[in-house]
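**Q** Would you mind keeping the following structure in view while I ask a few things?
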Amino acid sequence: MIGLMIVTLYPFINMFALSFNDANDSIRGNIYLWPRLWTLDNYKYIFNEASIYYATTISALRTIVGTIVSVFCTAMLAYTVSRQSFVLRKFVTVAFIFTMYFSGGLIPGYLLIKELHLINSFWVYIIPGIIGVFNMIVIRSFIEGLPDGILESAKIDGAGEFTTFMRVVLPLTVPALATVSLFVAVGQWNSWFDVFLYNSSRIELSTLQYELMKILQTSNTAATSSTAADQFASGQSGVTSVTPTSIRATMTIIASVPIIMVYPFLQKYFVKGMTVGGVKG
């Protein structure tokens, strides 16, 4: 376990050390667990970009809205296909699982989004991924493990399917929902390719990950030119002393910290949801 912990934590700690170490000094190498020359220049370079702040707001908004909508809709689908009385249960399950292995491809997907008028819209972050098939399977397995007597009692008391789902099933599936919420939130927070495809022309809908990617591309492009490379190496000409390596490490820390802060609050549900949802009896 100690060895596993070291293997897991070392890359992140190394990124932390590189992000706070002077970029020119990092070129010398041998930065492992602690910065050799402390500096905030790497973070200043990134946060001097005005677009970072509104992009962070969009990322947070799409993560919150996308997670809530996706988890709720996925849970409704999971409850539906978990009911033995649902006539099309097997057909719907197979139809959704089919999409895990086969898709129309990038161009048909783009044309579909265009026909739905989701280009240059915030909802392009939410609607296309509203149902996660793997997440549906996790929640369905959890629901199928619930005692049938509870659901039967709700029906005897006159509750309809939606009332049973909202007032009985959802409260009992909190561990599974928390597990799936973490999956969805991480995916939404880290996503940038959909921004590139659908909303690259609208800067006000850009996300943190996309802006960080552009900053990294800019630093990589600058570093390949001989003049900029000399500036990177010497730290002269009034240019902020950064390198693609230092920018990459700083981006990793900035992008990871919000998820790391959320995870401890969901950890107990995450463990319970995966174990109970994957084991019967």
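Each chain in the structure tokens gets a letter, A, B and so on, in the order shown; residues start at 1 in every chain, and ligands are counted from 1 in the order they appear.
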List as a list of chain:residue names the protein and nucleic acid residues near range 110-121 of chain A, meaning an atom at most 12 Å away when only C-alpha atoms are counted, but skip any in the same chain fewer than 4 places from it.
**A**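 Using only C-alpha atoms, the neighbours found are A:Ile58, A:Arg62, A:Gly104, A:Gly105, A:Leu106, A:Tyr125, A:Ile126, A:Ile127, A:Pro128, A:Gly129, A:Asp194, A:Val195, A:Phe196, A:Leu197, A:Tyr198, A:Asn199, A:Ser200, A:Ser201, A:Arg202, A:Ile203, A:Glu204, A:Leu205, A:Ser206.
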**Q** Within 12 Å of range 254-258 of chain A, which residues of range 25-71 of chain A come that close, and what is the closest atom pair and distance in Å for each? Count only C-alpha atoms and give it as JSON lines.
**A**
{"residue": "A:Asn42", "atom": "CA", "partner": "A:Ile254", "partner_atom": "CA", "distance": 11.1}
{"residue": "A:Tyr43", "atom": "CA", "partner": "A:Ile254", "partner_atom": "CA", "distance": 8.9}
{"residue": "A:Ile46", "atom": "CA", "partner": "A:Ile254", "partner_atom": "CA", "distance": 9.7}
{"residue": "A:Phe47", "atom": "CA", "partner": "A:Ile254", "partner_atom": "CA", "distance": 10.3}
{"residue": "A:Ile52", "atom": "CA", "partner": "A:Ile254", "partner_atom": "CA", "distance": 10.9}
{"residue": "A:Thr56", "atom": "CA", "partner": "A:Ala255", "partner_atom": "CA", "distance": 9.9}
{"residue": "A:Ser59", "atom": "CA", "partner": "A:Ala255", "partner_atom": "CA", "distance": 10.5}
{"residue": "A:Ala60", "atom": "CA", "partner": "A:Pro258", "partner_atom": "CA", "distance": 9.5}
{"residue": "A:Thr63", "atom": "CA", "partner": "A:Pro258", "partner_atom": "CA", "distance": 11.1}
**Q** Please give the complete set of residues from range 123-245 of chain A that DSSP, run on the backbone, assigns to alpha helix (DSSP H), formatted as an MDAnalysis selection string.
**A** chainID A and resid 133:144 148:156 161:164 170:172 174:190 193:198 208:224 226:234 244:245
**Q** Output C-alpha atoms for every residue in the selection just made, as an mmCIF file, in the first residue's frame.
**A**
data_model
loop_
_atom_site.group_PDB
_atom_site.id
_atom_site.type_symbol
_atom_site.label_atom_id
_atom_site.label_comp_id
_atom_site.auth_asym_id
_atom_site.auth_seq_id
_atom_site.Cartn_x
_atom_site.Cartn_y
_atom_site.Cartn_z
ATOM 1 C CA VAL A 133 -24.730 4.448 -20.513
ATOM 2 C CA PHE A 134 -22.063 3.193 -18.101
ATOM 3 C CA ASN A 135 -23.486 5.430 -15.387
ATOM 4 C CA MET A 136 -26.956 4.087 -16.149
ATOM 5 C CA ILE A 137 -25.707 0.520 -15.658
ATOM 6 C CA VAL A 138 -24.160 1.452 -12.291
ATOM 7 C CA ILE A 139 -27.381 3.055 -11.027
ATOM 8 C CA ARG A 140 -29.575 0.282 -12.442
ATOM 9 C CA SER A 141 -27.489 -2.363 -10.647
ATOM 10 C CA PHE A 142 -27.888 -0.434 -7.411
ATOM 11 C CA ILE A 143 -31.665 -0.076 -7.833
ATOM 12 C CA GLU A 144 -32.064 -3.776 -8.635
ATOM 13 C CA ASP A 148 -38.758 -5.192 -3.655
ATOM 14 C CA GLY A 149 -40.940 -4.776 -0.589
ATOM 15 C CA ILE A 150 -40.108 -1.087 -0.334
ATOM 16 C CA LEU A 151 -41.278 -0.360 -3.866
ATOM 17 C CA GLU A 152 -44.351 -2.541 -3.428
ATOM 18 C CA SER A 153 -45.247 -0.676 -0.243
ATOM 19 C CA ALA A 154 -45.088 2.620 -2.127
ATOM 20 C CA LYS A 155 -47.455 1.291 -4.798
ATOM 21 C CA ILE A 156 -49.877 -0.010 -2.148
ATOM 22 C CA GLU A 161 -43.974 5.534 -10.787
ATOM 23 C CA PHE A 162 -42.633 9.102 -10.737
ATOM 24 C CA THR A 163 -43.577 9.574 -7.077
ATOM 25 C CA THR A 164 -41.916 6.263 -6.218
ATOM 26 C CA LEU A 170 -33.677 8.578 -5.174
ATOM 27 C CA PRO A 171 -33.126 8.811 -1.391
ATOM 28 C CA LEU A 172 -32.082 5.147 -1.278
ATOM 29 C CA VAL A 174 -27.603 8.352 -2.842
ATOM 30 C CA PRO A 175 -24.345 6.305 -2.787
ATOM 31 C CA ALA A 176 -24.733 5.350 -6.442
ATOM 32 C CA LEU A 177 -25.779 8.869 -7.404
ATOM 33 C CA ALA A 178 -22.751 10.330 -5.623
ATOM 34 C CA THR A 179 -20.486 7.895 -7.455
ATOM 35 C CA VAL A 180 -21.950 8.785 -10.830
ATOM 36 C CA SER A 181 -21.934 12.493 -9.969
ATOM 37 C CA LEU A 182 -18.179 12.326 -9.451
ATOM 38 C CA PHE A 183 -17.722 10.627 -12.835
ATOM 39 C CA VAL A 184 -19.859 13.201 -14.619
ATOM 40 C CA ALA A 185 -18.395 16.210 -12.801
ATOM 41 C CA VAL A 186 -14.813 15.191 -13.618
ATOM 42 C CA GLY A 187 -15.754 14.679 -17.261
ATOM 43 C CA GLN A 188 -17.495 18.055 -17.486
ATOM 44 C CA TRP A 189 -14.701 19.894 -15.711
ATOM 45 C CA ASN A 190 -11.944 18.414 -17.867
ATOM 46 C CA PHE A 193 -12.747 19.386 -27.188
ATOM 47 C CA ASP A 194 -16.468 20.182 -27.428
ATOM 48 C CA VAL A 195 -15.596 23.849 -26.876
ATOM 49 C CA PHE A 196 -13.105 23.634 -29.740
ATOM 50 C CA LEU A 197 -15.662 22.000 -32.051
ATOM 51 C CA TYR A 198 -18.810 23.957 -31.294
ATOM 52 C CA LEU A 208 -11.049 26.910 -18.278
ATOM 53 C CA GLN A 209 -9.610 23.777 -19.871
ATOM 54 C CA TYR A 210 -9.863 25.262 -23.364
ATOM 55 C CA GLU A 211 -8.186 28.493 -22.296
ATOM 56 C CA LEU A 212 -5.405 26.562 -20.575
ATOM 57 C CA MET A 213 -4.948 24.505 -23.728
ATOM 58 C CA LYS A 214 -4.584 27.701 -25.791
ATOM 59 C CA ILE A 215 -2.035 29.085 -23.346
ATOM 60 C CA LEU A 216 -0.036 25.869 -23.584
ATOM 61 C CA GLN A 217 -0.162 25.965 -27.382
ATOM 62 C CA THR A 218 1.037 29.561 -27.335
ATOM 63 C CA SER A 219 3.954 28.704 -25.072
ATOM 64 C CA ASN A 220 4.858 25.696 -27.218
ATOM 65 C CA THR A 221 4.782 27.814 -30.374
ATOM 66 C CA ALA A 222 6.876 30.529 -28.780
ATOM 67 C CA ALA A 223 9.409 28.020 -27.494
ATOM 68 C CA THR A 224 9.977 26.594 -30.980
ATOM 69 C CA SER A 226 14.812 30.656 -31.882
ATOM 70 C CA THR A 227 14.242 34.199 -30.578
ATOM 71 C CA ALA A 228 11.646 33.156 -28.033
ATOM 72 C CA ALA A 229 13.731 30.132 -27.084
ATOM 73 C CA ASP A 230 16.635 32.424 -26.233
ATOM 74 C CA GLN A 231 14.288 34.550 -24.129
ATOM 75 C CA PHE A 232 12.976 31.468 -22.344
ATOM 76 C CA ALA A 233 16.504 30.326 -21.627
ATOM 77 C CA SER A 234 17.911 33.672 -20.518
ATOM 78 C CA PRO A 244 6.110 24.851 -21.806
ATOM 79 C CA THR A 245 7.102 22.412 -19.058
#
**Q** When distances are computed from only C-alpha atoms, which of A:Gly132, A:Pro11, A:Gly109, A:Gly29 shows the smallest separation from Val71 in chain A?
**A** A:Gly132
**Q** Please, what distance in Å, to one decimal, runs between CA of Tyr45 in chain A and CA of Thr207 in chain A?
**A**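 Result for CA of Tyr45 in chain A versus CA of Thr207 in chain A: 17.7 Å, one decimal.
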